file run02.csv (CSV, C-alpha atoms)
chain,number,residue,atom,x,y,z
R,1,MET,CA,-26.0,24.2,-86.9
R,2,VAL,CA,-29.7,24.5,-87.2
R,3,ARG,CA,-31.6,27.3,-85.4
R,4,TYR,CA,-35.2,27.4,-86.3
R,5,SER,CA,-35.9,30.6,-84.4
R,6,THR,CA,-33.3,32.3,-86.7
R,7,ALA,CA,-35.0,30.8,-89.8
R,8,LEU,CA,-38.3,32.1,-88.5
R,9,SER,CA,-36.8,35.6,-88.1
R,10,HIS,CA,-35.6,35.4,-91.7
R,11,ILE,CA,-39.1,34.4,-92.8
R,12,PHE,CA,-40.5,37.6,-91.2
R,13,LEU,CA,-37.7,39.7,-92.7
R,14,ALA,CA,-38.2,38.2,-96.2
R,15,ALA,CA,-41.9,38.8,-96.0
R,16,THR,CA,-41.3,42.4,-94.9
R,17,GLY,CA,-38.8,42.9,-97.7
R,18,LEU,CA,-41.2,41.5,-100.3
R,19,TYR,CA,-44.1,43.6,-98.9
R,20,CYS,CA,-42.0,46.8,-99.2
R,21,TYR,CA,-40.7,45.9,-102.6
R,22,LYS,CA,-44.3,45.3,-103.8
R,23,ALA,CA,-45.4,48.6,-102.3
R,24,LEU,CA,-42.7,50.4,-104.3
R,25,ILE,CA,-43.0,48.5,-107.6
R,26,ASN,CA,-44.2,51.6,-109.5
R,27,PHE,CA,-41.8,54.0,-107.8
R,28,ARG,CA,-39.6,55.8,-110.3
R,29,LEU,CA,-36.2,55.3,-108.5
R,30,PRO,CA,-34.6,51.9,-108.5
R,31,PHE,CA,-32.4,52.2,-105.5
R,32,CYS,CA,-35.1,51.4,-102.9
R,33,LYS,CA,-36.0,48.3,-105.0
R,34,ILE,CA,-32.4,47.2,-104.8
R,35,SER,CA,-32.5,47.5,-101.0
R,36,TYR,CA,-35.6,45.4,-100.6
R,37,GLY,CA,-34.4,42.9,-103.1
R,38,VAL,CA,-31.2,42.4,-101.2
R,39,ILE,CA,-33.1,42.1,-98.0
R,40,ALA,CA,-35.4,39.4,-99.5
R,41,LEU,CA,-32.5,37.5,-101.2
R,42,HIS,CA,-30.4,37.4,-98.0
R,43,SER,CA,-33.5,36.3,-96.0
R,44,PHE,CA,-34.3,33.5,-98.4
R,45,ILE,CA,-30.7,32.3,-98.1
R,46,GLY,CA,-30.9,32.7,-94.3
R,47,ILE,CA,-34.1,30.6,-94.2
R,48,TRP,CA,-32.2,27.8,-96.0
R,49,ARG,CA,-29.0,28.3,-94.0
R,50,TRP,CA,-30.6,28.2,-90.6
R,51,GLY,CA,-33.7,26.0,-91.3
R,52,ASN,CA,-32.3,23.1,-93.3
R,53,PRO,CA,-30.6,20.5,-91.0
R,54,LYS,CA,-29.0,18.6,-93.8
R,55,TYR,CA,-27.7,21.1,-96.3
R,56,GLY,CA,-27.8,24.4,-94.4
R,57,MET,CA,-24.2,24.5,-93.5
R,58,HIS,CA,-23.2,24.3,-97.1
R,59,PHE,CA,-24.6,27.8,-97.6
R,60,ASN,CA,-22.5,29.4,-94.8
R,61,ASN,CA,-20.1,31.2,-97.2
R,62,VAL,CA,-23.0,32.4,-99.4
R,63,TYR,CA,-24.9,33.5,-96.3
R,64,ARG,CA,-21.9,35.5,-95.0
R,65,LEU,CA,-21.4,37.2,-98.4
R,66,THR,CA,-25.1,38.2,-98.7
R,67,ASP,CA,-24.9,39.4,-95.1
R,68,LYS,CA,-22.0,41.7,-96.1
R,69,ILE,CA,-23.8,42.9,-99.2
R,70,GLN,CA,-26.9,43.6,-97.1
R,71,ASP,CA,-24.8,45.7,-94.7
R,72,LEU,CA,-23.1,47.5,-97.5
R,73,LEU,CA,-26.1,48.3,-99.8
R,74,VAL,CA,-29.4,48.4,-98.1
R,75,PHE,CA,-29.1,51.6,-96.1
R,76,PRO,CA,-27.0,53.6,-98.6
R,77,CYS,CA,-29.5,52.7,-101.3
R,78,ILE,CA,-32.3,54.1,-99.1
R,79,VAL,CA,-30.4,57.2,-98.4
R,80,THR,CA,-29.7,57.7,-102.2
R,81,THR,CA,-33.4,57.3,-102.9
R,82,ILE,CA,-34.3,59.9,-100.3
R,83,TRP,CA,-31.7,62.4,-101.7
R,84,LEU,CA,-33.0,61.9,-105.2
R,85,LYS,CA,-36.6,62.1,-104.0
R,86,TYR,CA,-35.9,65.6,-102.8
R,87,ASN,CA,-34.2,66.6,-106.1
R,88,TYR,CA,-30.7,66.8,-104.8
R,89,SER,CA,-27.8,66.4,-107.2
R,90,LEU,CA,-27.6,62.9,-108.9
R,91,ASN,CA,-23.8,62.7,-108.3
R,92,LEU,CA,-24.1,63.6,-104.6
R,93,ALA,CA,-27.0,61.3,-104.1
R,94,CYS,CA,-25.4,58.3,-105.8
R,95,ALA,CA,-22.1,58.9,-103.9
R,96,HIS,CA,-23.8,57.4,-100.8
R,97,THR,CA,-24.2,54.1,-102.6
R,98,ILE,CA,-21.0,54.1,-104.6
R,99,ILE,CA,-18.7,54.9,-101.7
R,100,SER,CA,-20.3,52.1,-99.7
R,101,VAL,CA,-19.2,49.6,-102.3
R,102,ILE,CA,-15.5,50.3,-101.5
R,103,PRO,CA,-15.5,48.0,-98.4
R,104,LEU,CA,-17.1,45.2,-100.5
R,105,ILE,CA,-14.2,45.4,-102.9
R,106,LEU,CA,-11.7,45.3,-100.0
R,107,TYR,CA,-13.6,42.3,-98.5
R,108,LEU,CA,-13.7,40.4,-101.8
R,109,HIS,CA,-10.1,41.2,-102.6
R,110,ASP,CA,-8.4,39.9,-99.4
R,111,ASN,CA,-11.3,38.3,-97.5
R,112,HIS,CA,-10.5,40.1,-94.2
R,113,LYS,CA,-12.8,42.1,-92.0
R,114,HIS,CA,-12.5,45.8,-92.7
R,115,LYS,CA,-14.2,48.5,-90.6
R,116,PRO,CA,-14.4,51.4,-93.1
R,117,ILE,CA,-18.0,50.4,-93.7
R,118,ASP,CA,-18.8,51.6,-90.2
R,119,ALA,CA,-17.6,55.1,-91.0
R,120,PHE,CA,-19.5,55.1,-94.3
R,121,LEU,CA,-22.7,53.9,-92.7
R,122,ALA,CA,-22.4,56.4,-89.9
R,123,GLY,CA,-22.0,59.1,-92.5
R,124,ASN,CA,-25.1,57.8,-94.3
R,125,VAL,CA,-27.1,57.9,-91.0
R,126,LEU,CA,-26.1,61.5,-90.4
R,127,SER,CA,-26.8,62.4,-94.0
R,128,LEU,CA,-30.3,60.9,-93.8
R,129,LEU,CA,-30.9,62.7,-90.5
R,130,ALA,CA,-29.9,66.0,-92.0
R,131,VAL,CA,-31.9,65.7,-95.3
R,132,SER,CA,-35.0,64.4,-93.4
R,133,HIS,CA,-34.8,67.1,-90.8
R,134,TYR,CA,-34.4,69.8,-93.5
R,135,ASN,CA,-37.4,68.4,-95.5
R,136,PHE,CA,-39.6,67.7,-92.4
R,137,ASN,CA,-39.7,64.0,-93.0
R,138,HIS,CA,-40.1,62.5,-89.6
R,139,PHE,CA,-40.1,59.0,-90.9
R,140,GLY,CA,-36.6,59.6,-92.3
R,141,ILE,CA,-35.4,60.6,-88.8
R,142,THR,CA,-37.0,57.4,-87.4
R,143,THR,CA,-35.4,55.4,-90.2
R,144,SER,CA,-32.0,56.8,-89.3
R,145,PHE,CA,-32.3,56.0,-85.6
R,146,SER,CA,-33.8,52.5,-86.4
R,147,TYR,CA,-30.9,51.6,-88.7
R,148,ALA,CA,-28.3,53.0,-86.2
R,149,LEU,CA,-29.8,50.9,-83.4
R,150,SER,CA,-30.0,47.8,-85.6
R,151,TYR,CA,-26.5,48.0,-87.1
R,152,PHE,CA,-24.4,49.7,-84.5
R,153,ALA,CA,-26.0,48.3,-81.3
R,154,ILE,CA,-28.0,45.1,-81.9
R,155,LYS,CA,-25.8,43.5,-84.5
R,156,ARG,CA,-22.7,44.4,-82.4
R,157,ASP,CA,-24.3,42.7,-79.3
R,158,VAL,CA,-24.2,45.8,-77.2
R,159,PHE,CA,-27.1,44.6,-75.1
R,160,THR,CA,-25.4,41.7,-73.5
R,161,ASN,CA,-27.2,41.9,-70.2
R,162,PHE,CA,-30.6,40.9,-71.4
R,163,PRO,CA,-32.5,38.8,-68.8
R,164,PHE,CA,-33.7,36.5,-71.5
R,165,HIS,CA,-31.8,34.5,-74.1
R,166,ILE,CA,-32.7,35.5,-77.7
R,167,PRO,CA,-30.0,35.0,-80.4
R,168,ILE,CA,-28.7,38.4,-81.5
R,169,LEU,CA,-29.2,37.5,-85.1
R,170,ASP,CA,-32.9,37.0,-84.4
R,171,LEU,CA,-33.1,40.4,-82.7
R,172,TYR,CA,-31.2,42.0,-85.6
R,173,ASN,CA,-33.6,40.5,-88.2
R,174,TYR,CA,-36.7,41.7,-86.3
R,175,SER,CA,-35.1,45.2,-86.0
R,176,MET,CA,-34.5,45.2,-89.7
R,177,CYS,CA,-38.2,44.5,-90.2
R,178,PHE,CA,-38.9,47.8,-88.4
R,179,PHE,CA,-36.2,49.6,-90.3
R,180,SER,CA,-37.7,48.3,-93.6
R,181,PHE,CA,-41.1,49.6,-92.7
R,182,PHE,CA,-39.8,53.0,-91.6
R,183,ALA,CA,-37.8,53.3,-94.8
R,184,LEU,CA,-40.9,52.5,-96.8
R,185,LYS,CA,-42.8,55.2,-95.0
R,186,THR,CA,-39.9,57.6,-95.5
R,187,ILE,CA,-40.0,57.0,-99.3
R,188,GLN,CA,-43.8,57.2,-99.4
R,189,GLU,CA,-43.9,60.5,-97.4
R,190,PRO,CA,-45.1,63.3,-99.7
R,191,VAL,CA,-42.7,66.0,-100.8
R,192,TYR,CA,-43.8,69.4,-99.3
R,193,GLU,CA,-42.6,72.5,-101.2

call {"tool": "encode", "arguments": {"input": "run02.csv", "output": "structure tokens"}}
result
Amino acid sequence: MVRYSTALSHIFLAATGLYCYKALINFRLPFCKISYGVIALHSFIGIWRWGNPKYGMHFNNVYRLTDKIQDLLVFPCIVTTIWLKYNYSLNLACAHTIISVIPLILYLHDNHKHKPIDAFLAGNVLSLLAVSHYNFNHFGITTSFSYALSYFAIKRDVFTNFPFHIPILDLYNYSMCFFSFFALKTIQEPVYE
């Protein structure tokens, strides 16, 4: 199935991911670069998957895998970056990303849908809210709410009574553009002592 509107939303998300990656190219912590690299990679595969009428369907399995990797790594890597930015313990900060890989291992092992990722991501949202509030980083609070809205509401199609017909995947990709920008601003926010 070809859906050019979804391919277009992936073009915008890829451009946003690359812009954010380029803005942080000299940043000392690698986790945020992993996040934006995963967003760009998944978006490039999405452009091919949804925009190529002849060969797009052949990338369906790869697209689903990169979608799962995006769900599992993007937000936890941003949270890890913020924790490290404010000089918290390396072990505690990296735990956000490492724990989120457990559902990926379960997914690859038996290829079933597991929902522990929801609990881990909700914990990451609360963690970023807490550290951002404590350090007066208002962009961090916005990033938390933006990701929670994107992942837990839009991707789950909670808004089923829209008076217009926009594919949920398109809305999710556009909301991830906003999340990416807010996460960039969170990372670039100066540290106040």

call {"tool": "closest_residue", "arguments": {"input": "run02.csv", "among": "R:Leu126, R:Met176, R:Ile168, R:Ala15", "to": "R:Ser150", "atoms": "all atoms listed in the file"}}
result
R:Met176

call {"tool": "atom_distance", "arguments": {"input": "run02.csv", "atom1": "atom CA of R:Thr66", "atom2": "atom CA of R:His42"}}
result
5.4 Å

call {"tool": "axis_aligned_box", "arguments": {"input": "run02.csv", "around": "stretch 12-22 of chain R", "padding_each_side": "5 Å", "output": "AutoDock Vina command-line options"}}
result
--center_x -41.0 --center_y 42.2 --center_z -97.5 --size_x 16.6 --size_y 19.2 --size_z 22.6

call {"tool": "residues_near_point", "arguments": {"input": "run02.csv", "point": "(-31.1, 32.8, -100.3)", "cutoff": "10 Å", "atoms": "all atoms listed in the file", "output": "mmCIF file with C-alpha atoms, in the coordinates of the input"}}
result
data_model
loop_
_atom_site.group_PDB
_atom_site.id
_atom_site.type_symbol
_atom_site.label_atom_id
_atom_site.label_comp_id
_atom_site.auth_asym_id
_atom_site.auth_seq_id
_atom_site.Cartn_x
_atom_site.Cartn_y
_atom_site.Cartn_z
ATOM 1 C CA ALA R 14 -38.200 38.200 -96.200
ATOM 2 C CA VAL R 38 -31.200 42.400 -101.200
ATOM 3 C CA ILE R 39 -33.100 42.100 -98.000
ATOM 4 C CA ALA R 40 -35.400 39.400 -99.500
ATOM 5 C CA LEU R 41 -32.500 37.500 -101.200
ATOM 6 C CA HIS R 42 -30.400 37.400 -98.000
ATOM 7 C CA SER R 43 -33.500 36.300 -96.000
ATOM 8 C CA PHE R 44 -34.300 33.500 -98.400
ATOM 9 C CA ILE R 45 -30.700 32.300 -98.100
ATOM 10 C CA GLY R 46 -30.900 32.700 -94.300
ATOM 11 C CA ILE R 47 -34.100 30.600 -94.200
ATOM 12 C CA TRP R 48 -32.200 27.800 -96.000
ATOM 13 C CA ARG R 49 -29.000 28.300 -94.000
ATOM 14 C CA PHE R 59 -24.600 27.800 -97.600
ATOM 15 C CA VAL R 62 -23.000 32.400 -99.400
ATOM 16 C CA TYR R 63 -24.900 33.500 -96.300
ATOM 17 C CA THR R 66 -25.100 38.200 -98.700
#

call {"tool": "closest_atom_pairs", "arguments": {"input": "run02.csv", "of": "stretch 12-103 of chain R", "to": "stretch 138-144 of chain R", "cutoff": "10 Å", "atoms": "only C-alpha atoms", "output": "Markdown table"}}
result
| residue | atom | partner | partner_atom | distance |
| --- | --- | --- | --- | --- |
| R:Phe75 | CA | R:Ser144 | CA | 9.0 |
| R:Ile78 | CA | R:Thr143 | CA | 9.5 |
| R:Val79 | CA | R:Gly140 | CA | 9.0 |
| R:Ile82 | CA | R:Gly140 | CA | 8.3 |

call {"tool": "atom_distance", "arguments": {"input": "run02.csv", "atom1": "atom CA of R:Trp50", "atom2": "atom CA of R:Leu104"}}
result
23.9 Å

call {"tool": "closest_residue", "arguments": {"input": "run02.csv", "among": "R:Ala23, R:Val191, R:Leu72, R:Cys177", "to": "R:Phe136", "atoms": "all atoms listed in the file"}}
result
R:Val191

call {"tool": "closest_residue", "arguments": {"input": "run02.csv", "among": "R:Val158, R:Leu171, R:Leu92, R:Ala119", "to": "R:Ser5", "atoms": "all atoms listed in the file"}}
result
R:Leu171

call {"tool": "atom_distance", "arguments": {"input": "run02.csv", "atom1": "atom CA of R:Asn161", "atom2": "atom CA of R:Asp118"}}
result
23.8 Å

call {"tool": "closest_residue", "arguments": {"input": "run02.csv", "among": "R:Leu24, R:Pro76, R:Asn124, R:Ile11", "to": "R:Lys185", "atoms": "all atoms listed in the file"}}
result
R:Leu24

call {"tool": "closest_residue", "arguments": {"input": "run02.csv", "among": "R:Phe31, R:His133, R:Tyr147, R:Ile105", "to": "R:Ala93", "atoms": "all atoms listed in the file"}}
result
R:Phe31

call {"tool": "closest_residue", "arguments": {"input": "run02.csv", "among": "R:Lys85, R:His10, R:Lys22, R:Lys54", "to": "R:Ile187", "atoms": "all atoms listed in the file"}}
result
R:Lys85

call {"tool": "residues_around", "arguments": {"input": "run02.csv", "residues": "stretch 27-30 of chain R", "least_positions_apart": "2", "cutoff": "9 Å", "atoms": "all atoms listed in the file", "output": "PyMOL selection string"}}
result
chain R and resi 23-25+32-35+77+81+84-85

call {"tool": "residues_around", "arguments": {"input": "run02.csv", "residues": "R:Arg3", "least_positions_apart": "5", "cutoff": "9 Å", "atoms": "all atoms listed in the file", "output": "list of chain:residue names"}}
result
R:Leu8, R:Trp50, R:Gly51, R:Asn52, R:Pro53
